[in-house]
Structures are given as structure tokens and as C-alpha cells.
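Coordinates as given in upload-v8.pdb (PDB, C-alpha atoms and all ligand atoms):
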ATOM      1  CA  MET A 614       0.000   0.000   0.000  1.00  0.00           C
ATOM      2  CA  LYS A 615       1.294   3.463  -0.853  1.00  0.00           C
ATOM      3  CA  THR A 616       0.852   5.845   2.072  1.00  0.00           C
ATOM      4  CA  LYS A 617      -0.292   9.296   0.922  1.00  0.00           C
ATOM      5  CA  ARG A 618       1.164  12.384   2.546  1.00  0.00           C
ATOM      6  CA  LEU A 619      -1.541  15.009   2.954  1.00  0.00           C
ATOM      7  CA  PRO A 620      -0.782  18.593   4.092  1.00  0.00           C
ATOM      8  CA  GLY A 621      -3.120  19.429   6.989  1.00  0.00           C
ATOM      9  CA  HIS A 622      -3.431  23.121   6.100  1.00  0.00           C
ATOM     10  CA  LEU A 623      -5.201  22.373   2.792  1.00  0.00           C
ATOM     11  CA  ASP A 624      -8.987  21.920   2.796  1.00  0.00           C
ATOM     12  CA  SER A 625      -8.698  19.635  -0.235  1.00  0.00           C
ATOM     13  CA  ALA A 626      -6.283  17.370   1.645  1.00  0.00           C
ATOM     14  CA  LEU A 627      -8.622  17.131   4.662  1.00  0.00           C
ATOM     15  CA  GLN A 628     -11.476  16.372   2.295  1.00  0.00           C
ATOM     16  CA  GLU A 629      -9.438  13.523   0.793  1.00  0.00           C
ATOM     17  CA  ALA A 630      -8.507  12.210   4.265  1.00  0.00           C
ATOM     18  CA  ALA A 631     -12.172  12.331   5.348  1.00  0.00           C
ATOM     19  CA  GLU A 632     -13.232  10.398   2.242  1.00  0.00           C
ATOM     20  CA  LEU A 633     -10.621   7.724   2.952  1.00  0.00           C
ATOM     21  CA  LEU A 634     -11.959   7.391   6.514  1.00  0.00           C
ATOM     22  CA  GLN A 635     -15.558   7.187   5.289  1.00  0.00           C
ATOM     23  CA  ALA A 636     -14.468   4.483   2.840  1.00  0.00           C
ATOM     24  CA  GLY A 637     -13.047   2.390   5.699  1.00  0.00           C
ATOM     25  CA  GLU A 638      -9.344   3.191   5.250  1.00  0.00           C
ATOM     26  CA  THR A 639      -6.852   4.110   7.980  1.00  0.00           C
ATOM     27  CA  VAL A 640      -5.530   7.678   8.200  1.00  0.00           C
ATOM     28  CA  ALA A 641      -3.050   9.132  10.698  1.00  0.00           C
ATOM     29  CA  PHE A 642      -3.596  12.722  11.839  1.00  0.00           C
ATOM     30  CA  PRO A 643      -2.468  15.097  14.588  1.00  0.00           C
ATOM     31  CA  THR A 644      -4.433  15.518  17.808  1.00  0.00           C
ATOM     32  CA  ASP A 645      -3.673  17.676  20.852  1.00  0.00           C
ATOM     33  CA  THR A 646      -1.944  14.737  22.566  1.00  0.00           C
ATOM     34  CA  VAL A 647      -0.114  12.633  19.936  1.00  0.00           C
ATOM     35  CA  TYR A 648      -0.689  11.578  16.301  1.00  0.00           C
ATOM     36  CA  GLY A 649      -3.650   9.191  16.096  1.00  0.00           C
ATOM     37  CA  LEU A 650      -4.282   6.387  13.634  1.00  0.00           C
ATOM     38  CA  GLY A 651      -7.958   6.747  12.747  1.00  0.00           C
ATOM     39  CA  ALA A 652     -10.598   4.483  11.248  1.00  0.00           C
ATOM     40  CA  HIS A 653     -14.407   4.516  11.007  1.00  0.00           C
ATOM     41  CA  ALA A 654     -15.462   3.515  14.539  1.00  0.00           C
ATOM     42  CA  ARG A 655     -18.758   1.936  13.445  1.00  0.00           C
ATOM     43  CA  SER A 656     -17.097  -0.364  10.889  1.00  0.00           C
ATOM     44  CA  ALA A 657     -15.518  -3.611  12.092  1.00  0.00           C
ATOM     45  CA  ASP A 658     -13.564  -3.981   8.814  1.00  0.00           C
ATOM     46  CA  ALA A 659     -12.119  -0.473   9.129  1.00  0.00           C
ATOM     47  CA  VAL A 660     -11.152  -0.855  12.793  1.00  0.00           C
ATOM     48  CA  LYS A 661      -9.533  -4.218  12.096  1.00  0.00           C
ATOM     49  CA  LYS A 662      -7.078  -2.383   9.839  1.00  0.00           C
ATOM     50  CA  ILE A 663      -5.851  -0.331  12.822  1.00  0.00           C
ATOM     51  CA  TYR A 664      -4.906  -3.499  14.716  1.00  0.00           C
ATOM     52  CA  GLU A 665      -3.209  -4.923  11.622  1.00  0.00           C
ATOM     53  CA  ALA A 666      -1.229  -1.766  10.807  1.00  0.00           C
ATOM     54  CA  LYS A 667      -0.008  -1.317  14.390  1.00  0.00           C
ATOM     55  CA  GLY A 668       0.414  -4.982  15.283  1.00  0.00           C
ATOM     56  CA  ARG A 669      -1.733  -4.047  18.281  1.00  0.00           C
ATOM     57  CA  PRO A 670      -2.783  -6.805  20.702  1.00  0.00           C
ATOM     58  CA  LEU A 671      -6.421  -7.592  19.999  1.00  0.00           C
ATOM     59  CA  ASP A 672      -7.446  -7.359  23.647  1.00  0.00           C
ATOM     60  CA  LYS A 673      -6.713  -3.634  23.929  1.00  0.00           C
ATOM     61  CA  ALA A 674      -9.815  -1.494  23.357  1.00  0.00           C
ATOM     62  CA  LEU A 675      -9.726   1.747  21.363  1.00  0.00           C
ATOM     63  CA  ILE A 676     -10.639   5.323  22.213  1.00  0.00           C
ATOM     64  CA  ILE A 677     -13.205   6.955  19.913  1.00  0.00           C
ATOM     65  CA  LEU A 678     -12.789  10.585  18.847  1.00  0.00           C
ATOM     66  CA  ILE A 679     -15.753  12.869  18.198  1.00  0.00           C
ATOM     67  CA  CYS A 680     -16.097  16.566  17.303  1.00  0.00           C
ATOM     68  CA  ASP A 681     -19.606  17.199  18.551  1.00  0.00           C
ATOM     69  CA  LYS A 682     -21.352  16.198  21.782  1.00  0.00           C
ATOM     70  CA  LYS A 683     -24.345  15.081  19.695  1.00  0.00           C
ATOM     71  CA  GLN A 684     -22.209  12.229  18.336  1.00  0.00           C
ATOM     72  CA  LEU A 685     -21.942  10.913  21.883  1.00  0.00           C
ATOM     73  CA  GLN A 686     -25.649   9.994  21.913  1.00  0.00           C
ATOM     74  CA  GLU A 687     -24.968   7.693  18.946  1.00  0.00           C
ATOM     75  CA  ILE A 688     -22.565   5.471  20.866  1.00  0.00           C
ATOM     76  CA  ALA A 689     -23.076   6.037  24.620  1.00  0.00           C
ATOM     77  CA  SER A 690     -26.083   5.543  26.889  1.00  0.00           C
ATOM     78  CA  ASP A 691     -26.974   6.566  30.463  1.00  0.00           C
ATOM     79  CA  ILE A 692     -24.786   9.662  30.200  1.00  0.00           C
ATOM     80  CA  PRO A 693     -24.522  10.892  33.823  1.00  0.00           C
ATOM     81  CA  GLU A 694     -24.868  14.511  34.947  1.00  0.00           C
ATOM     82  CA  THR A 695     -21.206  14.447  35.960  1.00  0.00           C
ATOM     83  CA  ALA A 696     -20.322  13.900  32.303  1.00  0.00           C
ATOM     84  CA  GLN A 697     -21.861  17.225  31.338  1.00  0.00           C
ATOM     85  CA  LYS A 698     -19.687  19.058  33.886  1.00  0.00           C
ATOM     86  CA  LEU A 699     -16.589  17.219  32.713  1.00  0.00           C
ATOM     87  CA  MET A 700     -17.263  17.871  29.040  1.00  0.00           C
ATOM     88  CA  ASP A 701     -17.929  21.548  29.724  1.00  0.00           C
ATOM     89  CA  ALA A 702     -14.686  21.822  31.693  1.00  0.00           C
ATOM     90  CA  PHE A 703     -12.309  19.713  29.583  1.00  0.00           C
ATOM     91  CA  TRP A 704     -13.663  19.174  26.051  1.00  0.00           C
ATOM     92  CA  PRO A 705     -12.200  19.646  23.599  1.00  0.00           C
ATOM     93  CA  GLY A 706      -9.091  18.431  25.428  1.00  0.00           C
ATOM     94  CA  PRO A 707      -7.039  15.501  26.740  1.00  0.00           C
ATOM     95  CA  LEU A 708      -9.720  13.819  28.896  1.00  0.00           C
ATOM     96  CA  THR A 709     -11.177  10.487  27.727  1.00  0.00           C
ATOM     97  CA  LEU A 710     -14.474   9.506  29.349  1.00  0.00           C
ATOM     98  CA  VAL A 711     -15.688   5.908  29.589  1.00  0.00           C
ATOM     99  CA  PHE A 712     -19.476   5.606  29.229  1.00  0.00           C
ATOM    100  CA  LYS A 713     -21.930   2.731  29.109  1.00  0.00           C
ATOM    101  CA  GLN A 714     -22.181   1.711  25.483  1.00  0.00           C
ATOM    102  CA  ARG A 715     -25.364   2.199  23.514  1.00  0.00           C
ATOM    103  CA  GLN A 716     -26.177  -1.370  22.654  1.00  0.00           C
ATOM    104  CA  ASP A 717     -24.597  -2.748  19.504  1.00  0.00           C
ATOM    105  CA  THR A 718     -23.540   0.604  18.067  1.00  0.00           C
ATOM    106  CA  VAL A 719     -19.813  -0.095  18.091  1.00  0.00           C
ATOM    107  CA  PRO A 720     -18.216  -3.284  16.771  1.00  0.00           C
ATOM    108  CA  ASP A 721     -16.412  -5.613  19.156  1.00  0.00           C
ATOM    109  CA  TYR A 722     -13.172  -4.732  17.412  1.00  0.00           C
ATOM    110  CA  VAL A 723     -13.342  -1.325  19.143  1.00  0.00           C
ATOM    111  CA  THR A 724     -14.380  -2.331  22.644  1.00  0.00           C
ATOM    112  CA  ARG A 725     -13.069  -5.901  22.755  1.00  0.00           C
ATOM    113  CA  GLY A 726     -16.368  -7.046  24.168  1.00  0.00           C
ATOM    114  CA  LEU A 727     -16.597  -4.413  26.922  1.00  0.00           C
ATOM    115  CA  LYS A 728     -20.077  -2.981  27.481  1.00  0.00           C
ATOM    116  CA  THR A 729     -18.558   0.468  27.727  1.00  0.00           C
ATOM    117  CA  VAL A 730     -17.045   2.920  25.271  1.00  0.00           C
ATOM    118  CA  ALA A 731     -14.144   5.373  25.709  1.00  0.00           C
ATOM    119  CA  VAL A 732     -14.723   8.761  24.040  1.00  0.00           C
ATOM    120  CA  ARG A 733     -12.785  12.011  23.668  1.00  0.00           C
ATOM    121  CA  MET A 734     -13.033  15.327  21.802  1.00  0.00           C
ATOM    122  CA  PRO A 735      -9.511  16.343  20.778  1.00  0.00           C
ATOM    123  CA  ASN A 736      -8.454  19.996  20.997  1.00  0.00           C
ATOM    124  CA  HIS A 737      -6.693  20.275  17.657  1.00  0.00           C
ATOM    125  CA  PRO A 738      -7.954  22.225  14.638  1.00  0.00           C
ATOM    126  CA  VAL A 739      -6.888  19.591  12.078  1.00  0.00           C
ATOM    127  CA  ALA A 740      -8.408  16.702  14.030  1.00  0.00           C
ATOM    128  CA  LEU A 741     -11.647  18.611  14.657  1.00  0.00           C
ATOM    129  CA  GLN A 742     -11.964  19.706  11.020  1.00  0.00           C
ATOM    130  CA  LEU A 743     -11.281  16.185   9.789  1.00  0.00           C
ATOM    131  CA  LEU A 744     -13.865  14.707  12.188  1.00  0.00           C
ATOM    132  CA  GLN A 745     -16.359  17.341  11.115  1.00  0.00           C
ATOM    133  CA  ILE A 746     -15.933  16.677   7.387  1.00  0.00           C
ATOM    134  CA  ALA A 747     -15.982  12.900   7.860  1.00  0.00           C
ATOM    135  CA  GLY A 748     -19.115  13.201  10.038  1.00  0.00           C
ATOM    136  CA  ILE A 749     -18.462   9.875  11.764  1.00  0.00           C
ATOM    137  CA  PRO A 750     -16.897   8.859  15.090  1.00  0.00           C
ATOM    138  CA  ILE A 751     -13.297   7.795  14.544  1.00  0.00           C
ATOM    139  CA  ALA A 752     -11.505   5.125  16.571  1.00  0.00           C
ATOM    140  CA  ALA A 753      -7.925   6.308  17.056  1.00  0.00           C
ATOM    141  CA  PRO A 754      -5.032   4.897  19.078  1.00  0.00           C
ATOM    142  CA  SER A 755      -1.570   6.419  18.741  1.00  0.00           C
ATOM    143  CA  ALA A 756      -0.126   6.162  15.214  1.00  0.00           C
ATOM    144  CA  ASN A 757       2.888   3.951  15.962  1.00  0.00           C
ATOM    145  CA  LEU A 758       3.771   0.290  15.763  1.00  0.00           C
ATOM    146  CA  SER A 759       2.672  -1.429  18.956  1.00  0.00           C
ATOM    147  CA  GLY A 760       5.411  -1.125  21.591  1.00  0.00           C
ATOM    148  CA  HIS A 761       7.023   1.930  19.969  1.00  0.00           C
ATOM    149  CA  ALA A 762       6.824   5.481  21.329  1.00  0.00           C
ATOM    150  CA  SER A 763       3.764   7.579  20.466  1.00  0.00           C
ATOM    151  CA  PRO A 764       4.526   9.940  17.555  1.00  0.00           C
ATOM    152  CA  THR A 765       4.322  13.693  18.051  1.00  0.00           C
ATOM    153  CA  ASP A 766       5.010  14.642  14.424  1.00  0.00           C
ATOM    154  CA  ALA A 767       4.208  13.258  10.966  1.00  0.00           C
ATOM    155  CA  GLU A 768       7.791  12.131  10.274  1.00  0.00           C
ATOM    156  CA  GLN A 769       7.683   9.720  13.226  1.00  0.00           C
ATOM    157  CA  VAL A 770       4.424   8.302  11.869  1.00  0.00           C
ATOM    158  CA  TYR A 771       6.015   7.630   8.442  1.00  0.00           C
ATOM    159  CA  ARG A 772       8.951   5.921  10.052  1.00  0.00           C
ATOM    160  CA  ASP A 773       6.664   3.356  11.697  1.00  0.00           C
ATOM    161  CA  LEU A 774       3.695   3.062   9.372  1.00  0.00           C
ATOM    162  CA  ASP A 775       4.752   3.988   5.814  1.00  0.00           C
ATOM    163  CA  GLY A 776       3.234   1.393   3.486  1.00  0.00           C
ATOM    164  CA  ARG A 777       0.878   0.077   6.193  1.00  0.00           C
ATOM    165  CA  ILE A 778      -1.812   2.810   6.224  1.00  0.00           C
ATOM    166  CA  ALA A 779      -3.686   4.800   3.537  1.00  0.00           C
ATOM    167  CA  ALA A 780      -2.516   8.311   4.474  1.00  0.00           C
ATOM    168  CA  VAL A 781      -0.871  10.631   6.971  1.00  0.00           C
ATOM    169  CA  VAL A 782      -2.177  14.154   7.463  1.00  0.00           C
ATOM    170  CA  ASP A 783       0.769  16.380   8.362  1.00  0.00           C
ATOM    171  CA  GLY A 784      -0.357  19.047  10.814  1.00  0.00           C
ATOM    172  CA  GLY A 785       2.985  19.847  12.437  1.00  0.00           C
ATOM    173  CA  PRO A 786       4.058  18.835  15.942  1.00  0.00           C
ATOM    174  CA  CYS A 787       1.529  17.985  18.691  1.00  0.00           C
ATOM    175  CA  SER A 788       1.519  20.292  21.697  1.00  0.00           C
ATOM    176  CA  VAL A 789       0.833  17.925  24.613  1.00  0.00           C
ATOM    177  CA  GLY A 790       2.805  14.790  23.670  1.00  0.00           C
ATOM    178  CA  VAL A 791       1.225  12.801  26.521  1.00  0.00           C
ATOM    179  CA  ALA A 792      -1.745  10.434  26.148  1.00  0.00           C
ATOM    180  CA  SER A 793      -5.135  11.532  27.519  1.00  0.00           C
ATOM    181  CA  THR A 794      -6.289  11.030  31.096  1.00  0.00           C
ATOM    182  CA  ILE A 795      -8.904   8.244  31.123  1.00  0.00           C
ATOM    183  CA  LEU A 796     -11.818   8.570  33.558  1.00  0.00           C
ATOM    184  CA  ASP A 797     -14.430   5.831  33.850  1.00  0.00           C
ATOM    185  CA  ILE A 798     -17.849   7.336  34.593  1.00  0.00           C
ATOM    186  CA  SER A 799     -19.854   4.263  33.618  1.00  0.00           C
ATOM    187  CA  GLY A 800     -20.254   3.088  37.230  1.00  0.00           C
ATOM    188  CA  ASP A 801     -21.566   4.598  40.452  1.00  0.00           C
ATOM    189  CA  THR A 802     -18.362   6.516  41.214  1.00  0.00           C
ATOM    190  CA  PRO A 803     -15.847   7.939  38.723  1.00  0.00           C
ATOM    191  CA  VAL A 804     -12.488   6.129  38.555  1.00  0.00           C
ATOM    192  CA  ILE A 805      -9.249   7.260  36.924  1.00  0.00           C
ATOM    193  CA  LEU A 806      -7.962   4.440  34.682  1.00  0.00           C
ATOM    194  CA  ARG A 807      -4.943   6.267  33.230  1.00  0.00           C
ATOM    195  CA  HIS A 808      -3.081   9.407  34.229  1.00  0.00           C
ATOM    196  CA  GLY A 809      -2.488  12.242  31.789  1.00  0.00           C
ATOM    197  CA  THR A 810      -2.191  16.009  31.802  1.00  0.00           C
ATOM    198  CA  ILE A 811      -5.608  16.534  33.363  1.00  0.00           C
ATOM    199  CA  THR A 812      -5.145  15.760  37.043  1.00  0.00           C
ATOM    200  CA  ARG A 813      -7.356  14.146  39.636  1.00  0.00           C
ATOM    201  CA  GLU A 814      -7.500  17.485  41.477  1.00  0.00           C
ATOM    202  CA  GLN A 815      -8.799  19.244  38.344  1.00  0.00           C
ATOM    203  CA  ILE A 816     -11.428  16.539  37.878  1.00  0.00           C
ATOM    204  CA  GLU A 817     -12.488  16.753  41.526  1.00  0.00           C
ATOM    205  CA  GLN A 818     -12.761  20.515  41.248  1.00  0.00           C
ATOM    206  CA  ALA A 819     -14.903  20.337  38.110  1.00  0.00           C
ATOM    207  CA  THR A 820     -17.266  17.700  39.478  1.00  0.00           C
ATOM    208  CA  GLY A 821     -17.288  18.416  43.201  1.00  0.00           C
ATOM    209  CA  LEU A 822     -16.752  14.666  43.714  1.00  0.00           C
ATOM    210  CA  ARG A 823     -13.997  12.593  45.260  1.00  0.00           C
ATOM    211  CA  ILE A 824     -12.399  10.625  42.468  1.00  0.00           C
ATOM    212  CA  GLN A 825     -11.043   7.099  42.877  1.00  0.00           C
ATOM    213  CA  ASP A 826      -7.723   6.276  41.331  1.00  0.00           C
ATOM    214  CA  ALA A 827      -7.219   2.845  39.771  1.00  0.00           C
ATOM    215  CA  ALA A 828      -4.109   3.939  37.905  1.00  0.00           C
ATOM    216  CA  GLY A 829      -1.817   4.267  40.932  1.00  0.00           C
ATOM    217  CA  SER A 830      -0.593   7.387  42.643  1.00  0.00           C
ATOM    218  CA  ALA A 831       2.029   8.401  40.072  1.00  0.00           C
ATOM    219  CA  SER A 832       0.703  11.483  38.337  1.00  0.00           C
ATOM    220  CA  VAL A 833       2.099  12.407  34.913  1.00  0.00           C
TER     221      VAL A 833
HETATM  222  P1  LIG A 901      -3.999   3.796  23.494  1.00  0.00           P
HETATM  223  O1  LIG A 901      -4.901   3.933  22.316  1.00  0.00           O
HETATM  224  O2  LIG A 901      -2.879   2.855  23.282  1.00  0.00           O
HETATM  225  O3  LIG A 901      -3.609   5.110  24.075  1.00  0.00           O
HETATM  226  O4  LIG A 901      -4.878   3.101  24.613  1.00  0.00           O
HETATM  227  C1  LIG A 901      -6.220   3.339  24.769  1.00  0.00           C
HETATM  228  C2  LIG A 901      -6.555   3.100  26.185  1.00  0.00           C
HETATM  229  O5  LIG A 901      -7.959   3.246  26.349  1.00  0.00           O
HETATM  230  C3  LIG A 901      -6.200   1.708  26.659  1.00  0.00           C
HETATM  231  O6  LIG A 901      -5.567   1.818  27.887  1.00  0.00           O
HETATM  232  C4  LIG A 901      -7.554   1.036  26.792  1.00  0.00           C
HETATM  233  O7  LIG A 901      -7.565   0.064  27.803  1.00  0.00           O
HETATM  234  C5  LIG A 901      -8.435   2.209  27.142  1.00  0.00           C
HETATM  235  N1  LIG A 901      -9.835   1.960  26.784  1.00  0.00           N
HETATM  236  C6  LIG A 901     -10.379   1.961  25.572  1.00  0.00           C
HETATM  237  N2  LIG A 901     -11.689   1.661  25.623  1.00  0.00           N
HETATM  238  C7  LIG A 901     -11.971   1.465  26.917  1.00  0.00           C
HETATM  239  C8  LIG A 901     -13.164   1.146  27.633  1.00  0.00           C
HETATM  240  N3  LIG A 901     -14.317   0.951  27.012  1.00  0.00           N
HETATM  241  N4  LIG A 901     -13.074   1.005  28.968  1.00  0.00           N
HETATM  242  C9  LIG A 901     -11.914   1.217  29.604  1.00  0.00           C
HETATM  243  N5  LIG A 901     -10.748   1.543  28.995  1.00  0.00           N
HETATM  244  C10 LIG A 901     -10.783   1.669  27.671  1.00  0.00           C
HETATM  245 MG    MG A 902      -0.335   4.035  22.130  1.00  0.00          MG
END
Take the structure in the file and write it out as C-alpha cells.
Amino acid sequence: MKTKRLPGHLDSALQEAAELLQAGETVAFPTDTVYGLGAHARSADAVKKIYEAKGRPLDKALIILICDKKQLQEIASDIPETAQKLMDAFWPGPLTLVFKQRQDTVPDYVTRGLKTVAVRMPNHPVALQLLQIAGIPIAAPSANLSGHASPTDAEQVYRDLDGRIAAVVDGGPCSVGVASTILDISGDTPVILRHGTITREQIEQATGLRIQDAAGSASV
């Protein structure tokens, strides 16, 4: 497969990237954290290509990126009041929220059989524009071979994935460089599953709740 290089500042390039995603191909693009490798989140065939390109273990579920809170209703159910506060405070941004999944809206390839779904709205103009044009939720882990470091610019993506994915959108370096904080709000009390730039204290302040920490005390 020849991997296309698409300049992120051109509308025509984002249009082409969006069409590839709609057609079930894999496309890498910048987000506020690291470069993501995206595929149509509602298509099992498309998501399978992410696992193949990365050599990602099949038991590791994927985060889904959206650009509009309305898209959340498509894939999540029982959205708690706390979620609204968190989205208002941190979206778009590096906070992934785990919701109960709306039944059978996301293939098992994304959630690995979990009854939940992990969702985030990235704070990056290229990612948001691409998601908007594509009009679909996009499953997107980091755009590197499994076990390698997460890429923070397009060149690092090429080095790992050239010939394995349909395209890379070059949008310059990512500003955060650290994966998103993951907060599970699908149960009775919110639990941090992974540390990131958004801290437990910030989450407690935004929600007025005490937050459990399943990811250990080390804060990144
Ligand atoms: P990565 O894409 O490598 O940054 O990893 C995504 C992270 O999201 C992994 O740690 C997954 O375990 C986590 N994840 C994805 N979906 C879910 C979910 N439904 N529930 C809990 N964690 C999830
Ligand atoms: Mg990764």
C-alpha cells in the first residue's frame, strides 16, 4: 500500500482524508496529545485495519474521537450529569471519558467485548476539522507500531507506518505529547484508569466529587 502524505493546512487534503476514513481506510492525523491512527469507529472492517497496521494486541480497546457532543448519543447511553460538567470543563481536550455503550452501536473490534465505550473530543484544529468533514466517530489509538513510542510529528508516523496505512495528514508537531487522562464514569463513582495532563485534582474541582484512582498514585 502506498501511504499518501496530505498537508493538513489544505482543505482539499482534509477532504481527501475524510473520504478515505468514510471508505473504511486508515488515516493518521495530529491531535492535541499525539498523532492518532484513525478508522471509522462503526465499521468492524475499518477498525480491524488499525490493529493490523499497528500490530496491536487484539485485547486492547480503542478510544473513539468525536467533534460534537451530539455524536456521543450515537454510541453512549446513560450519560450521567457528571459527564456534562466534565465535558464543559475539559472538552475539547485531553480527557477520555468511559461511558456505558449504547447497545450494539460499536463493533467488538473497538471495545473488545466491553459494554462500555471510551470517548474524547480532541483539541486540535486539524483533528476537529477532519472529524467534522468525515461526520463519523473515529476510533484512534496512537499512530505507531505497537510497543514503539507515540509519535508527536508526521515524520515519526512515516517511520513506523509507511506502506501500512492509507494516508498521513501532516499538521505539524503535537503540543501535549502525553496520552489523555482516562476517567471511567460508567459506574456509580468515577475512577481514573490512566493518568495524563488533566489531574485528579482538576477533575475533583470540576465535578465536586472525590475521584477514585485505579491507575496508581504516580501522576504524569
Ligand atoms: P492507546 O490507544 O494505546 O492510548 O490506549 C487506549 C486506552 O484506552 C487503553 O488503555 C484502553 O484500555 C483504554 N480503553 C479503551 N476503551 C476502553 C473502555 N471501554 N473502557 C476502559 N478503557 C478503555
Ligand atoms: Mg499508544
**Asked** Around (-23.8, 14.7, 20.5) in the file's own coordinates, what residues are found within 12 Å if you use all atoms listed in the file, given back as a ChimeraX atom specification?
**Response** /A:678-690,692,697,700,732-734,748-750
**Request:** Name each residue within 6 Å of ligand MG 902 (chain A), counting only C-alpha atoms and all ligand atoms, as a PyMOL selection string.
**Result:** chain A and resi 754-755+763
**Message:** I want to know what sits within 9 Å of A:Thr802, based on all atoms listed in the file, with residues of the same chain fewer than 5 positions away left out; could you give that as a ChimeraX atom specification?
**Reply:** /A:797,822-825
**Request:** Name the residues that the PyMOL selection byres (((chain A and resi 673) around 12) and not hetatm) pulls out of this structure, and write them as a list of chain:residue names.
**Result:**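 Here the PyMOL selection byres (((chain A and resi 673) around 12) and not hetatm) matches A:Ile663, A:Tyr664, A:Lys667, A:Gly668, A:Arg669, A:Pro670, A:Leu671, A:Asp672, A:Ala674, A:Leu675, A:Ile676, A:Asp721, A:Tyr722, A:Val723, A:Thr724, A:Arg725, A:Gly726, A:Leu727, A:Ala731, A:Pro754, A:Ser759.
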**Selection result for the PyMOL selection byres (((chain A and resi 707-716) around 10) and not hetatm) on this file, as number ranges by chain** = A: 644-646, 676-678, 685-693, 696, 699-700, 702-706, 717-719, 724, 727-736, 789, 791-800, 803-812, 816
Go ahead and dump the residues you just picked, C-alpha atoms, as a short mmCIF file (atom, residue, chain, number, x, y, z; two decimals), in the coordinates of the input.
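result.cif, freshly written:
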data_model
loop_
_atom_site.label_atom_id
_atom_site.label_comp_id
_atom_site.auth_asym_id
_atom_site.auth_seq_id
_atom_site.Cartn_x
_atom_site.Cartn_y
_atom_site.Cartn_z
CA THR A 644 -4.43 15.52 17.81
CA ASP A 645 -3.67 17.68 20.85
CA THR A 646 -1.94 14.74 22.57
CA ILE A 676 -10.64 5.32 22.21
CA ILE A 677 -13.20 6.96 19.91
CA LEU A 678 -12.79 10.58 18.85
CA LEU A 685 -21.94 10.91 21.88
CA GLN A 686 -25.65 9.99 21.91
CA GLU A 687 -24.97 7.69 18.95
CA ILE A 688 -22.56 5.47 20.87
CA ALA A 689 -23.08 6.04 24.62
CA SER A 690 -26.08 5.54 26.89
CA ASP A 691 -26.97 6.57 30.46
CA ILE A 692 -24.79 9.66 30.20
CA PRO A 693 -24.52 10.89 33.82
CA ALA A 696 -20.32 13.90 32.30
CA LEU A 699 -16.59 17.22 32.71
CA MET A 700 -17.26 17.87 29.04
CA ALA A 702 -14.69 21.82 31.69
CA PHE A 703 -12.31 19.71 29.58
CA TRP A 704 -13.66 19.17 26.05
CA PRO A 705 -12.20 19.65 23.60
CA GLY A 706 -9.09 18.43 25.43
CA ASP A 717 -24.60 -2.75 19.50
CA THR A 718 -23.54 0.60 18.07
CA VAL A 719 -19.81 -0.10 18.09
CA THR A 724 -14.38 -2.33 22.64
CA LEU A 727 -16.60 -4.41 26.92
CA LYS A 728 -20.08 -2.98 27.48
CA THR A 729 -18.56 0.47 27.73
CA VAL A 730 -17.05 2.92 25.27
CA ALA A 731 -14.14 5.37 25.71
CA VAL A 732 -14.72 8.76 24.04
CA ARG A 733 -12.78 12.01 23.67
CA MET A 734 -13.03 15.33 21.80
CA PRO A 735 -9.51 16.34 20.78
CA ASN A 736 -8.45 20.00 21.00
CA VAL A 789 0.83 17.92 24.61
CA VAL A 791 1.23 12.80 26.52
CA ALA A 792 -1.74 10.43 26.15
CA SER A 793 -5.14 11.53 27.52
CA THR A 794 -6.29 11.03 31.10
CA ILE A 795 -8.90 8.24 31.12
CA LEU A 796 -11.82 8.57 33.56
CA ASP A 797 -14.43 5.83 33.85
CA ILE A 798 -17.85 7.34 34.59
CA SER A 799 -19.85 4.26 33.62
CA GLY A 800 -20.25 3.09 37.23
CA PRO A 803 -15.85 7.94 38.72
CA VAL A 804 -12.49 6.13 38.56
CA ILE A 805 -9.25 7.26 36.92
CA LEU A 806 -7.96 4.44 34.68
CA ARG A 807 -4.94 6.27 33.23
CA HIS A 808 -3.08 9.41 34.23
CA GLY A 809 -2.49 12.24 31.79
CA THR A 810 -2.19 16.01 31.80
CA ILE A 811 -5.61 16.53 33.36
CA THR A 812 -5.14 15.76 37.04
CA ILE A 816 -11.43 16.54 37.88
#
Non-local contacts of A:Leu774 (12 Å; only C-alpha atoms; under 4 positions in same chain excluded) as a PDB file with C-alpha atoms, keeping the file's coordinate frame:
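Saved file result-v7.pdb follows:
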ATOM      1  CA  MET A 614       0.000   0.000   0.000  1.00  0.00           C
ATOM      2  CA  LYS A 615       1.294   3.463  -0.853  1.00  0.00           C
ATOM      3  CA  THR A 616       0.852   5.845   2.072  1.00  0.00           C
ATOM      4  CA  LYS A 617      -0.292   9.296   0.922  1.00  0.00           C
ATOM      5  CA  ARG A 618       1.164  12.384   2.546  1.00  0.00           C
ATOM      6  CA  THR A 639      -6.852   4.110   7.980  1.00  0.00           C
ATOM      7  CA  VAL A 640      -5.530   7.678   8.200  1.00  0.00           C
ATOM      8  CA  ALA A 641      -3.050   9.132  10.698  1.00  0.00           C
ATOM      9  CA  TYR A 648      -0.689  11.578  16.301  1.00  0.00           C
ATOM     10  CA  GLY A 649      -3.650   9.191  16.096  1.00  0.00           C
ATOM     11  CA  LEU A 650      -4.282   6.387  13.634  1.00  0.00           C
ATOM     12  CA  ILE A 663      -5.851  -0.331  12.822  1.00  0.00           C
ATOM     13  CA  GLU A 665      -3.209  -4.923  11.622  1.00  0.00           C
ATOM     14  CA  ALA A 666      -1.229  -1.766  10.807  1.00  0.00           C
ATOM     15  CA  LYS A 667      -0.008  -1.317  14.390  1.00  0.00           C
ATOM     16  CA  GLY A 668       0.414  -4.982  15.283  1.00  0.00           C
ATOM     17  CA  SER A 755      -1.570   6.419  18.741  1.00  0.00           C
ATOM     18  CA  ALA A 756      -0.126   6.162  15.214  1.00  0.00           C
ATOM     19  CA  ASN A 757       2.888   3.951  15.962  1.00  0.00           C
ATOM     20  CA  LEU A 758       3.771   0.290  15.763  1.00  0.00           C
ATOM     21  CA  SER A 759       2.672  -1.429  18.956  1.00  0.00           C
ATOM     22  CA  HIS A 761       7.023   1.930  19.969  1.00  0.00           C
ATOM     23  CA  SER A 763       3.764   7.579  20.466  1.00  0.00           C
ATOM     24  CA  PRO A 764       4.526   9.940  17.555  1.00  0.00           C
ATOM     25  CA  ALA A 767       4.208  13.258  10.966  1.00  0.00           C
ATOM     26  CA  GLU A 768       7.791  12.131  10.274  1.00  0.00           C
ATOM     27  CA  GLN A 769       7.683   9.720  13.226  1.00  0.00           C
ATOM     28  CA  VAL A 770       4.424   8.302  11.869  1.00  0.00           C
ATOM     29  CA  ILE A 778      -1.812   2.810   6.224  1.00  0.00           C
ATOM     30  CA  ALA A 779      -3.686   4.800   3.537  1.00  0.00           C
ATOM     31  CA  ALA A 780      -2.516   8.311   4.474  1.00  0.00           C
ATOM     32  CA  VAL A 781      -0.871  10.631   6.971  1.00  0.00           C
TER      33      VAL A 781
END
**Request:** Give me, please, the distance in Å between atom CA of A:Val739 and atom CA of A:Val782, quoted to one decimal.
**Result:** 8.5 Å
**Residue with smallest distance to A:Gly784 - pool A:Leu743, A:Val660, A:Ala652, A:Ala636, counting all atoms listed in the file** = A:Leu743
**Asked** Could you write out as a PyMOL selection string the residues that the PyMOL selection byres (((chain A and resi 747) around 9) and not hetatm) matches in the shown file?
**Response** chain A and resi 628+630-635+742-746+748-751
**Straight-line distance linking atom CA of A:His653 with atom CA of A:Leu619, stated in Å to one decimal** = 18.5 Å
**Message:** So the first atom is atom O2 of ligand LIG 901 (chain A) and the second is atom CA of A:Gly821; what is the distance between them in Å, to one decimal place?
**Reply:**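 Between these atoms lies a distance of 29.1 Å.
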